[in-house]
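Participant: So that you have it, the file is start-v3.cif, and it contains mmCIF, C-alpha atoms and all ligand atoms:
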data_model
#
loop_
_atom_site.group_PDB
_atom_site.id
_atom_site.type_symbol
_atom_site.label_atom_id
_atom_site.label_comp_id
_atom_site.auth_asym_id
_atom_site.auth_seq_id
_atom_site.Cartn_x
_atom_site.Cartn_y
_atom_site.Cartn_z
ATOM 1 C CA MET K 12 -157.395 -287.071 34.911
ATOM 2 C CA ASN K 13 -154.821 -284.331 34.573
ATOM 3 C CA GLN K 14 -154.233 -282.679 31.219
ATOM 4 C CA PRO K 15 -152.303 -285.009 28.876
ATOM 5 C CA LYS K 16 -148.647 -284.207 28.258
ATOM 6 C CA GLU K 17 -147.249 -286.814 25.884
ATOM 7 C CA TYR K 18 -148.340 -290.300 24.981
ATOM 8 C CA ASP K 19 -145.688 -291.859 22.754
ATOM 9 C CA ASP K 20 -145.634 -294.752 25.167
ATOM 10 C CA SER K 21 -146.029 -297.950 23.204
ATOM 11 C CA ASN K 22 -143.801 -299.554 25.870
ATOM 12 C CA SER K 23 -146.013 -298.497 28.770
ATOM 13 C CA LEU K 24 -147.493 -301.212 30.973
ATOM 14 C CA GLN K 25 -151.044 -300.073 30.226
ATOM 15 C CA TYR K 26 -150.389 -300.253 26.483
ATOM 16 C CA ARG K 27 -148.920 -303.731 26.759
ATOM 17 C CA ASP K 28 -151.758 -304.799 29.033
ATOM 18 C CA ILE K 29 -154.344 -303.996 26.364
ATOM 19 C CA GLU K 30 -152.150 -305.837 23.837
ATOM 20 C CA ASP K 31 -152.341 -308.845 26.222
ATOM 21 C CA LEU K 32 -156.129 -308.503 26.255
ATOM 22 C CA VAL K 33 -156.219 -308.595 22.451
ATOM 23 C CA GLU K 34 -154.011 -311.686 22.576
ATOM 24 C CA GLU K 35 -156.352 -313.355 25.083
ATOM 25 C CA PHE K 36 -159.543 -312.544 23.137
ATOM 26 C CA PRO K 37 -158.401 -312.327 19.494
ATOM 27 C CA GLU K 38 -161.726 -313.470 18.062
ATOM 28 C CA VAL K 39 -163.748 -310.952 20.063
ATOM 29 C CA PHE K 40 -161.699 -308.111 18.582
ATOM 30 C CA LYS K 41 -161.398 -309.530 15.052
ATOM 31 C CA LYS K 42 -165.159 -309.971 14.844
ATOM 32 C CA MET K 43 -165.795 -306.338 15.738
ATOM 33 C CA LYS K 44 -167.223 -304.767 12.607
ATOM 34 C CA GLY K 45 -169.263 -301.706 11.709
ATOM 35 C CA ARG K 46 -169.161 -298.825 14.190
ATOM 36 C CA ILE K 47 -167.264 -299.259 17.453
ATOM 37 C CA ILE K 48 -167.271 -296.901 20.428
ATOM 38 C CA ASP K 49 -164.195 -296.897 22.710
ATOM 39 C CA ILE K 50 -165.410 -295.465 26.003
ATOM 40 C CA GLY K 51 -162.899 -293.590 28.147
ATOM 41 C CA CYS K 52 -160.416 -293.567 25.252
ATOM 42 C CA GLY K 53 -158.152 -291.058 27.030
ATOM 43 C CA PRO K 54 -155.430 -289.600 24.809
ATOM 44 C CA GLY K 55 -156.267 -291.993 21.941
ATOM 45 C CA ASN K 56 -152.883 -293.743 21.740
ATOM 46 C CA ILE K 57 -154.286 -297.161 22.672
ATOM 47 C CA THR K 58 -157.395 -296.664 20.546
ATOM 48 C CA LYS K 59 -155.223 -296.073 17.495
ATOM 49 C CA GLY K 60 -152.199 -298.212 18.333
ATOM 50 C CA VAL K 61 -153.854 -301.325 19.771
ATOM 51 C CA LEU K 62 -157.613 -301.323 19.147
ATOM 52 C CA LEU K 63 -157.696 -300.172 15.526
ATOM 53 C CA PRO K 64 -155.263 -302.848 14.244
ATOM 54 C CA ALA K 65 -157.094 -305.566 16.228
ATOM 55 C CA VAL K 66 -160.653 -305.054 14.947
ATOM 56 C CA GLY K 67 -162.240 -306.046 11.614
ATOM 57 C CA GLU K 68 -160.807 -304.348 8.534
ATOM 58 C CA ASN K 69 -163.890 -302.330 7.677
ATOM 59 C CA ALA K 70 -164.703 -301.213 11.195
ATOM 60 C CA THR K 71 -164.701 -297.555 12.169
ATOM 61 C CA ILE K 72 -164.043 -296.373 15.710
ATOM 62 C CA VAL K 73 -165.291 -293.420 17.713
ATOM 63 C CA GLY K 74 -163.201 -292.757 20.817
ATOM 64 C CA ALA K 75 -165.317 -291.163 23.564
ATOM 65 C CA ASP K 76 -164.086 -289.435 26.690
ATOM 66 C CA LEU K 77 -165.493 -287.276 29.451
ATOM 67 C CA CYS K 78 -162.508 -284.947 29.459
ATOM 68 C CA PRO K 79 -162.439 -282.284 26.719
ATOM 69 C CA TYR K 80 -158.608 -282.017 26.903
ATOM 70 C CA MET K 81 -158.329 -285.725 26.163
ATOM 71 C CA VAL K 82 -160.725 -285.469 23.224
ATOM 72 C CA ALA K 83 -158.849 -282.474 21.783
ATOM 73 C CA TYR K 84 -155.485 -284.198 22.269
ATOM 74 C CA ALA K 85 -156.735 -287.445 20.708
ATOM 75 C CA GLU K 86 -158.269 -285.586 17.764
ATOM 76 C CA GLN K 87 -155.023 -283.798 17.123
ATOM 77 C CA ASN K 88 -152.679 -286.744 17.548
ATOM 78 C CA TYR K 89 -154.494 -290.026 16.988
ATOM 79 C CA SER K 90 -157.269 -289.482 14.400
ATOM 80 C CA VAL K 91 -157.400 -291.477 11.169
ATOM 81 C CA THR K 92 -159.513 -290.048 8.343
ATOM 82 C CA ASN K 93 -162.724 -292.038 7.830
ATOM 83 C CA LYS K 94 -161.580 -294.625 10.396
ATOM 84 C CA LEU K 95 -161.059 -293.104 13.811
ATOM 85 C CA SER K 96 -162.639 -289.985 15.277
ATOM 86 C CA TYR K 97 -163.316 -288.707 18.802
ATOM 87 C CA MET K 98 -166.153 -287.135 20.759
ATOM 88 C CA GLN K 99 -166.942 -286.024 24.280
ATOM 89 C CA LEU K 100 -169.287 -288.252 26.275
ATOM 90 C CA ASP K 101 -169.963 -288.945 29.939
ATOM 91 C CA ILE K 102 -170.769 -292.651 30.087
ATOM 92 C CA GLN K 103 -172.573 -292.044 33.402
ATOM 93 C CA THR K 104 -174.970 -289.497 31.909
ATOM 94 C CA PRO K 105 -178.573 -290.113 33.040
ATOM 95 C CA GLU K 106 -179.727 -289.381 29.490
ATOM 96 C CA LEU K 107 -177.773 -290.307 26.395
ATOM 97 C CA PRO K 108 -178.260 -288.065 23.363
ATOM 98 C CA ASN K 109 -180.855 -289.606 21.022
ATOM 99 C CA ASN K 110 -178.450 -289.594 18.106
ATOM 100 C CA LEU K 111 -176.237 -292.150 19.894
ATOM 101 C CA ILE K 112 -178.878 -294.679 20.858
ATOM 102 C CA GLU K 113 -178.386 -298.057 19.151
ATOM 103 C CA LYS K 114 -175.857 -296.496 16.794
ATOM 104 C CA PHE K 115 -172.908 -298.793 17.630
ATOM 105 C CA ASP K 116 -172.187 -302.391 16.676
ATOM 106 C CA ASN K 117 -169.568 -302.858 19.388
ATOM 107 C CA ALA K 118 -168.195 -301.146 22.446
ATOM 108 C CA THR K 119 -164.845 -301.310 24.227
ATOM 109 C CA SER K 120 -163.629 -299.681 27.406
ATOM 110 C CA PHE K 121 -160.183 -300.000 28.975
ATOM 111 C CA TYR K 122 -159.182 -298.586 32.351
ATOM 112 C CA CYS K 123 -162.179 -296.263 32.518
ATOM 113 C CA LEU K 124 -165.047 -297.821 34.474
ATOM 114 C CA HIS K 125 -163.232 -297.619 37.826
ATOM 115 C CA TRP K 126 -163.751 -293.860 37.502
ATOM 116 C CA CYS K 127 -167.515 -294.419 37.411
ATOM 117 C CA ARG K 128 -169.072 -294.837 40.850
ATOM 118 C CA ASN K 129 -172.354 -295.803 39.197
ATOM 119 C CA THR K 130 -171.150 -298.890 37.345
ATOM 120 C CA LYS K 131 -174.644 -300.136 36.640
ATOM 121 C CA GLY K 132 -175.772 -296.768 35.245
ATOM 122 C CA ALA K 133 -172.714 -296.686 32.977
ATOM 123 C CA LEU K 134 -173.367 -300.253 31.796
ATOM 124 C CA ARG K 135 -177.006 -299.389 31.096
ATOM 125 C CA ASN K 136 -175.657 -296.749 28.746
ATOM 126 C CA PHE K 137 -173.491 -299.391 27.040
ATOM 127 C CA TYR K 138 -176.739 -301.308 26.492
ATOM 128 C CA GLN K 139 -178.427 -298.258 25.017
ATOM 129 C CA LEU K 140 -175.507 -297.416 22.732
ATOM 130 C CA LEU K 141 -175.346 -300.933 21.269
ATOM 131 C CA ARG K 142 -177.492 -302.282 18.481
ATOM 132 C CA PRO K 143 -179.157 -305.638 19.222
ATOM 133 C CA GLY K 144 -176.518 -308.338 18.734
ATOM 134 C CA GLY K 145 -173.746 -305.837 19.604
ATOM 135 C CA LYS K 146 -170.831 -307.037 21.747
ATOM 136 C CA ALA K 147 -168.684 -305.228 24.280
ATOM 137 C CA ILE K 148 -165.398 -305.923 26.029
ATOM 138 C CA ILE K 149 -164.335 -304.055 29.147
ATOM 139 C CA LEU K 150 -161.274 -304.035 31.374
ATOM 140 C CA THR K 151 -161.367 -302.083 34.613
ATOM 141 C CA ILE K 152 -159.468 -301.928 37.892
ATOM 142 C CA SER K 153 -161.288 -303.627 40.752
ATOM 143 C CA HIS K 154 -158.540 -303.278 43.368
ATOM 144 C CA HIS K 155 -155.495 -301.017 43.538
ATOM 145 C CA MET K 156 -153.295 -299.975 46.442
ATOM 146 C CA ILE K 157 -153.530 -296.317 45.372
ATOM 147 C CA PHE K 158 -157.161 -296.301 46.495
ATOM 148 C CA ASP K 159 -156.030 -297.417 49.968
ATOM 149 C CA VAL K 160 -153.505 -294.580 50.004
ATOM 150 C CA TYR K 161 -156.265 -292.077 49.108
ATOM 151 C CA SER K 162 -158.319 -293.267 52.051
ATOM 152 C CA GLU K 163 -155.308 -292.874 54.391
ATOM 153 C CA GLN K 164 -154.244 -289.466 53.072
ATOM 154 C CA ARG K 165 -157.703 -287.971 53.392
ATOM 155 C CA GLU K 166 -157.220 -288.295 57.177
ATOM 156 C CA ASP K 167 -153.994 -286.279 57.015
ATOM 157 C CA PRO K 168 -154.740 -282.686 58.126
ATOM 158 C CA ARG K 169 -152.322 -281.325 55.503
ATOM 159 C CA PHE K 170 -154.334 -282.845 52.651
ATOM 160 C CA SER K 171 -157.843 -283.603 53.894
ATOM 161 C CA ALA K 172 -159.424 -280.303 52.760
ATOM 162 C CA TYR K 173 -158.420 -281.140 49.170
ATOM 163 C CA MET K 174 -159.636 -284.722 49.298
ATOM 164 C CA GLN K 175 -163.224 -284.423 50.534
ATOM 165 C CA ASP K 176 -164.536 -286.197 47.431
ATOM 166 C CA TRP K 177 -161.844 -288.928 47.519
ATOM 167 C CA LEU K 178 -164.424 -291.742 47.251
ATOM 168 C CA LYS K 179 -165.501 -290.483 43.828
ATOM 169 C CA PHE K 180 -162.009 -291.400 42.579
ATOM 170 C CA THR K 181 -161.948 -294.913 44.046
ATOM 171 C CA SER K 182 -163.092 -297.959 42.118
ATOM 172 C CA PRO K 183 -166.579 -298.975 43.334
ATOM 173 C CA GLN K 184 -165.352 -302.585 43.363
ATOM 174 C CA HIS K 185 -162.319 -301.795 45.556
ATOM 175 C CA GLY K 186 -162.294 -303.951 48.681
ATOM 176 C CA HIS K 187 -165.103 -306.202 47.416
ATOM 177 C CA PRO K 188 -163.887 -309.820 47.228
ATOM 178 C CA ASP K 189 -167.042 -310.622 45.226
ATOM 179 C CA ALA K 190 -166.417 -307.982 42.520
ATOM 180 C CA GLU K 191 -166.916 -310.543 39.763
ATOM 181 C CA ASP K 192 -170.335 -311.609 41.094
ATOM 182 C CA ILE K 193 -171.450 -307.998 41.466
ATOM 183 C CA LEU K 194 -170.516 -307.290 37.834
ATOM 184 C CA ARG K 195 -172.220 -310.489 36.628
ATOM 185 C CA ASN K 196 -175.407 -309.520 38.476
ATOM 186 C CA ASP K 197 -175.366 -305.993 37.042
ATOM 187 C CA LEU K 198 -174.864 -307.290 33.498
ATOM 188 C CA ASN K 199 -177.634 -309.877 33.916
ATOM 189 C CA ASP K 200 -180.060 -307.338 35.415
ATOM 190 C CA ILE K 201 -179.510 -304.977 32.502
ATOM 191 C CA GLY K 202 -180.253 -307.769 30.027
ATOM 192 C CA PHE K 203 -176.811 -308.585 28.638
ATOM 193 C CA LYS K 204 -175.754 -312.102 27.720
ATOM 194 C CA ILE K 205 -172.390 -312.721 29.409
ATOM 195 C CA HIS K 206 -169.669 -314.462 27.390
ATOM 196 C CA HIS K 207 -166.852 -313.946 29.880
ATOM 197 C CA CYS K 208 -166.449 -312.372 33.294
ATOM 198 C CA SER K 209 -163.351 -312.675 35.484
ATOM 199 C CA ASN K 210 -161.527 -310.849 38.242
ATOM 200 C CA ARG K 211 -157.786 -311.573 38.310
ATOM 201 C CA TRP K 212 -154.664 -310.337 40.032
ATOM 202 C CA LYS K 213 -151.900 -309.077 37.816
ATOM 203 C CA THR K 214 -148.436 -307.890 38.795
ATOM 204 C CA PHE K 215 -147.067 -304.857 37.004
ATOM 205 C CA THR K 216 -143.323 -304.350 37.382
ATOM 206 C CA TYR K 217 -142.074 -300.775 37.203
ATOM 207 C CA PRO K 218 -138.362 -300.247 36.502
ATOM 208 C CA ARG K 219 -137.957 -297.852 39.467
ATOM 209 C CA MET K 220 -140.011 -296.338 42.245
ATOM 210 C CA GLU K 221 -139.928 -292.986 40.468
ATOM 211 C CA ALA K 222 -141.632 -294.477 37.399
ATOM 212 C CA LEU K 223 -144.474 -295.829 39.537
ATOM 213 C CA ILE K 224 -144.894 -292.540 41.419
ATOM 214 C CA ASP K 225 -144.825 -290.525 38.150
ATOM 215 C CA LEU K 226 -147.606 -292.727 36.794
ATOM 216 C CA VAL K 227 -149.819 -292.600 39.887
ATOM 217 C CA MET K 228 -149.345 -288.830 40.111
ATOM 218 C CA SER K 229 -150.363 -288.412 36.458
ATOM 219 C CA VAL K 230 -153.784 -289.897 37.266
ATOM 220 C CA ASN K 231 -154.035 -288.439 40.783
ATOM 221 C CA PRO K 232 -157.003 -286.049 40.961
ATOM 222 C CA PHE K 233 -155.872 -284.292 44.163
ATOM 223 C CA VAL K 234 -152.278 -283.233 43.582
ATOM 224 C CA MET K 235 -153.113 -280.375 41.191
ATOM 225 C CA ARG K 236 -155.630 -279.001 43.686
ATOM 226 C CA LEU K 237 -152.972 -278.590 46.354
ATOM 227 C CA PRO K 238 -151.106 -275.314 46.798
ATOM 228 C CA ALA K 239 -147.707 -275.476 45.060
ATOM 229 C CA ASP K 240 -145.802 -275.806 48.352
ATOM 230 C CA LEU K 241 -147.799 -278.913 49.324
ATOM 231 C CA GLN K 242 -147.432 -280.823 46.082
ATOM 232 C CA LYS K 243 -143.940 -282.191 46.806
ATOM 233 C CA PRO K 244 -144.804 -283.221 50.399
ATOM 234 C CA TYR K 245 -147.945 -284.913 49.039
ATOM 235 C CA ARG K 246 -145.936 -286.908 46.500
ATOM 236 C CA GLU K 247 -143.349 -287.848 49.149
ATOM 237 C CA ASP K 248 -146.100 -288.873 51.567
ATOM 238 C CA PHE K 249 -147.703 -291.023 48.866
ATOM 239 C CA GLU K 250 -144.403 -292.791 48.193
ATOM 240 C CA LYS K 251 -143.720 -293.313 51.900
ATOM 241 C CA ARG K 252 -147.145 -294.867 52.503
ATOM 242 C CA LEU K 253 -146.715 -297.199 49.521
ATOM 243 C CA LYS K 254 -143.305 -298.337 50.775
ATOM 244 C CA ASP K 255 -144.280 -298.638 54.444
ATOM 245 C CA LYS K 256 -147.558 -300.431 54.037
ATOM 246 C CA HIS K 257 -148.511 -301.549 50.555
ATOM 247 C CA LEU K 258 -145.462 -302.732 48.612
ATOM 248 C CA PRO K 259 -143.196 -305.738 49.160
ATOM 249 C CA LYS K 260 -140.410 -304.792 51.596
ATOM 250 C CA LYS K 261 -137.236 -303.892 49.652
ATOM 251 C CA ASP K 262 -134.566 -301.214 49.632
ATOM 252 C CA TYR K 263 -136.166 -299.080 46.945
ATOM 253 C CA SER K 264 -133.512 -296.391 47.321
ATOM 254 C CA SER K 265 -131.109 -298.630 45.373
ATOM 255 C CA GLY K 266 -133.131 -297.981 42.198
ATOM 256 C CA CYS K 267 -134.564 -301.504 42.055
ATOM 257 C CA SER K 268 -137.783 -302.469 40.262
ATOM 258 C CA VAL K 269 -141.188 -302.248 41.948
ATOM 259 C CA ASP K 270 -143.849 -304.965 41.773
ATOM 260 C CA CYS K 271 -147.362 -303.603 42.000
ATOM 261 C CA CYS K 272 -150.342 -305.978 42.305
ATOM 262 C CA ILE K 273 -153.621 -304.870 40.767
ATOM 263 C CA ALA K 274 -156.924 -306.722 40.394
ATOM 264 C CA LEU K 275 -158.568 -306.392 36.990
ATOM 265 C CA LEU K 276 -162.157 -307.112 36.065
ATOM 266 C CA ILE K 277 -162.595 -308.243 32.472
ATOM 267 C CA ALA K 278 -165.924 -308.961 30.805
ATOM 268 C CA VAL K 279 -167.239 -309.748 27.336
ATOM 269 C CA PHE K 280 -170.985 -309.374 26.931
ATOM 270 C CA GLU K 281 -173.670 -308.984 24.287
ATOM 271 C CA LYS K 282 -176.952 -307.151 23.880
ATOM 272 C CA PRO K 283 -179.282 -309.919 22.681
ATOM 273 C CA HIS K 284 -181.601 -309.518 19.717
ATOM 274 C CA TYR K 285 -185.079 -308.619 20.910
HETATM 275 C C1 LIG K 301 -156.792 -294.144 32.572
HETATM 276 S S1 LIG K 301 -157.583 -293.385 31.212
HETATM 277 C C2 LIG K 301 -157.679 -294.755 30.096
HETATM 278 C C3 LIG K 301 -157.414 -294.357 28.705
HETATM 279 C C4 LIG K 301 -157.333 -295.516 27.697
HETATM 280 N N1 LIG K 301 -158.586 -296.221 27.574
HETATM 281 C C5 LIG K 301 -156.221 -296.463 28.090
HETATM 282 O O1 LIG K 301 -156.500 -297.665 28.317
HETATM 283 O O2 LIG K 301 -155.077 -296.014 28.167
HETATM 284 C C6 LIG K 301 -159.275 -293.248 31.762
HETATM 285 C C7 LIG K 301 -160.087 -292.306 30.908
HETATM 286 O O3 LIG K 301 -161.463 -292.447 31.269
HETATM 287 C C8 LIG K 301 -162.062 -291.171 31.159
HETATM 288 N N2 LIG K 301 -163.302 -291.143 31.930
HETATM 289 C C9 LIG K 301 -163.451 -291.103 33.271
HETATM 290 N N3 LIG K 301 -164.749 -291.065 33.599
HETATM 291 C C10 LIG K 301 -165.439 -291.100 32.422
HETATM 292 C C11 LIG K 301 -166.821 -291.055 32.116
HETATM 293 N N4 LIG K 301 -167.748 -290.967 33.070
HETATM 294 N N5 LIG K 301 -167.186 -291.105 30.801
HETATM 295 C C12 LIG K 301 -166.237 -291.190 29.833
HETATM 296 N N6 LIG K 301 -164.915 -291.197 30.070
HETATM 297 C C13 LIG K 301 -164.515 -291.159 31.354
HETATM 298 C C14 LIG K 301 -160.996 -290.229 31.698
HETATM 299 O O4 LIG K 301 -161.202 -288.898 31.270
HETATM 300 C C15 LIG K 301 -159.725 -290.849 31.125
HETATM 301 O O5 LIG K 301 -159.349 -290.246 29.919
#
Any chance you could put this one into structure tokens?
Facilitator:
Amino acid sequence: MNQPKEYDDSNSLQYRDIEDLVEEFPEVFKKMKGRIIDIGCGPGNITKGVLLPAVGENATIVGADLCPYMVAYAEQNYSVTNKLSYMQLDIQTPELPNNLIEKFDNATSFYCLHWCRNTKGALRNFYQLLRPGGKAIILTISHHMIFDVYSEQREDPRFSAYMQDWLKFTSPQHGHPDAEDILRNDLNDIGFKIHHCSNRWKTFTYPRMEALIDLVMSVNPFVMRLPADLQKPYREDFEKRLKDKHLPKKDYSSGCSVDCCIALLIAVFEKPHY
């Protein structure tokens, strides 16, 4: 992720999408008590604005993120004394620090696990973080057209040298029609009891093409690596590929809205008592 700029975006699609998740699973959130870890919390706006009001009154939340800029930004802008704090953590780490093991009653993770190529390793860490009886809810992208664009652009001689590790930034479930079964199997193998697991298509409507491109560029890992004179051509190439191949055919130059179809994997699962 690029360094955060500003996150006063309670109208953003991602924000509203997590609000929809809370609406779909109100009891799961309400019953979250004790200590909760929000993995891949990013800038902290959703952790504070959506998660905190949804969970049990006496719960405390620790937002965890791989990126130190995100943690610093969240600490500065979205902390709540004695309620919500932040820390740095790589959920794919092969060895969790001892002081985190079985220290959480619940775990949440929104729009983070598609960044983890080793889904099963990350989920094993969820298991380790949770106390027996602890529940988790996750939402992650299983299919997104931007991953197809990455795979096309890496063949472009202008950009390929900067995109050698493109696969690392693609959801491991992308292109797998059986994404739900793969996740179910991983959760079962680890020892979780599954309460819900689904893979669904959702359409996000952006007011204009520019809004969609701004968003995809803000999470694009390659654009900041490019020399300054290639960044605009890269953005234009991205937009052209989306229009030519991946989006419904429309005259986007007229400033019309853009429908973007994404597949989302959602699961609710529990670490059983021994
Ligand atoms: C798209 S943001 C999602 C932020 C927030 N959860 C939301 O829904 O808006 C994804 C976040 O996951 C973090 N992330 C990526 N890989 C991670 C990892 N291995 N461990 C922890 N956080 C990770 C990124 O740094 C980024 O802040």
Participant: Report the residues retrieved by the PyMOL selection byres (((not hetatm)) within 8 of (chain K and resi 301)) from the displayed file, expressed as a ChimeraX atom specification.
Facilitator: /K:12,25-26,29,49-58,75-78,81,99-104,120-127,133,230
Participant: Given the PyMOL selection byres (((chain K and resi 211) around 8) and not hetatm) and the file above, list the residues it selects as a count of residues only.
Facilitator: 7
Participant: If we count all atoms listed in the file, what is near Pro183 of chain K at a cut-off of 9 Å, once residues fewer than 3 positions away on the same chain are taken out, given as a ChimeraX atom specification?
Facilitator: /K:125-130,153,178-180,186-187
Participant: Quick one: distance from atom CA of Asp159 of chain K to atom CA of Pro79 of chain K in Å, one decimal?
Facilitator: 28.5 Å
Participant: As JSON, please: the centre and edge lengths in Å, to one decimal, of an axis-aligned box enclosing every listed atom of segment 190-204 of chain K with 6 Å added on each side.
Facilitator:
{"center_x": -173.3, "center_y": -308.5, "center_z": 35.1, "size_x": 25.8, "size_y": 19.1, "size_z": 26.8}
Participant: Of the residues K:Leu107, K:Met156, K:Leu226, K:Leu150, which is the one nearest to Pro259 of chain K, using all atoms listed in the file?
Facilitator: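 Using all atoms listed in the file, the shortest distance to Pro259 of chain K belongs to K:Met156.
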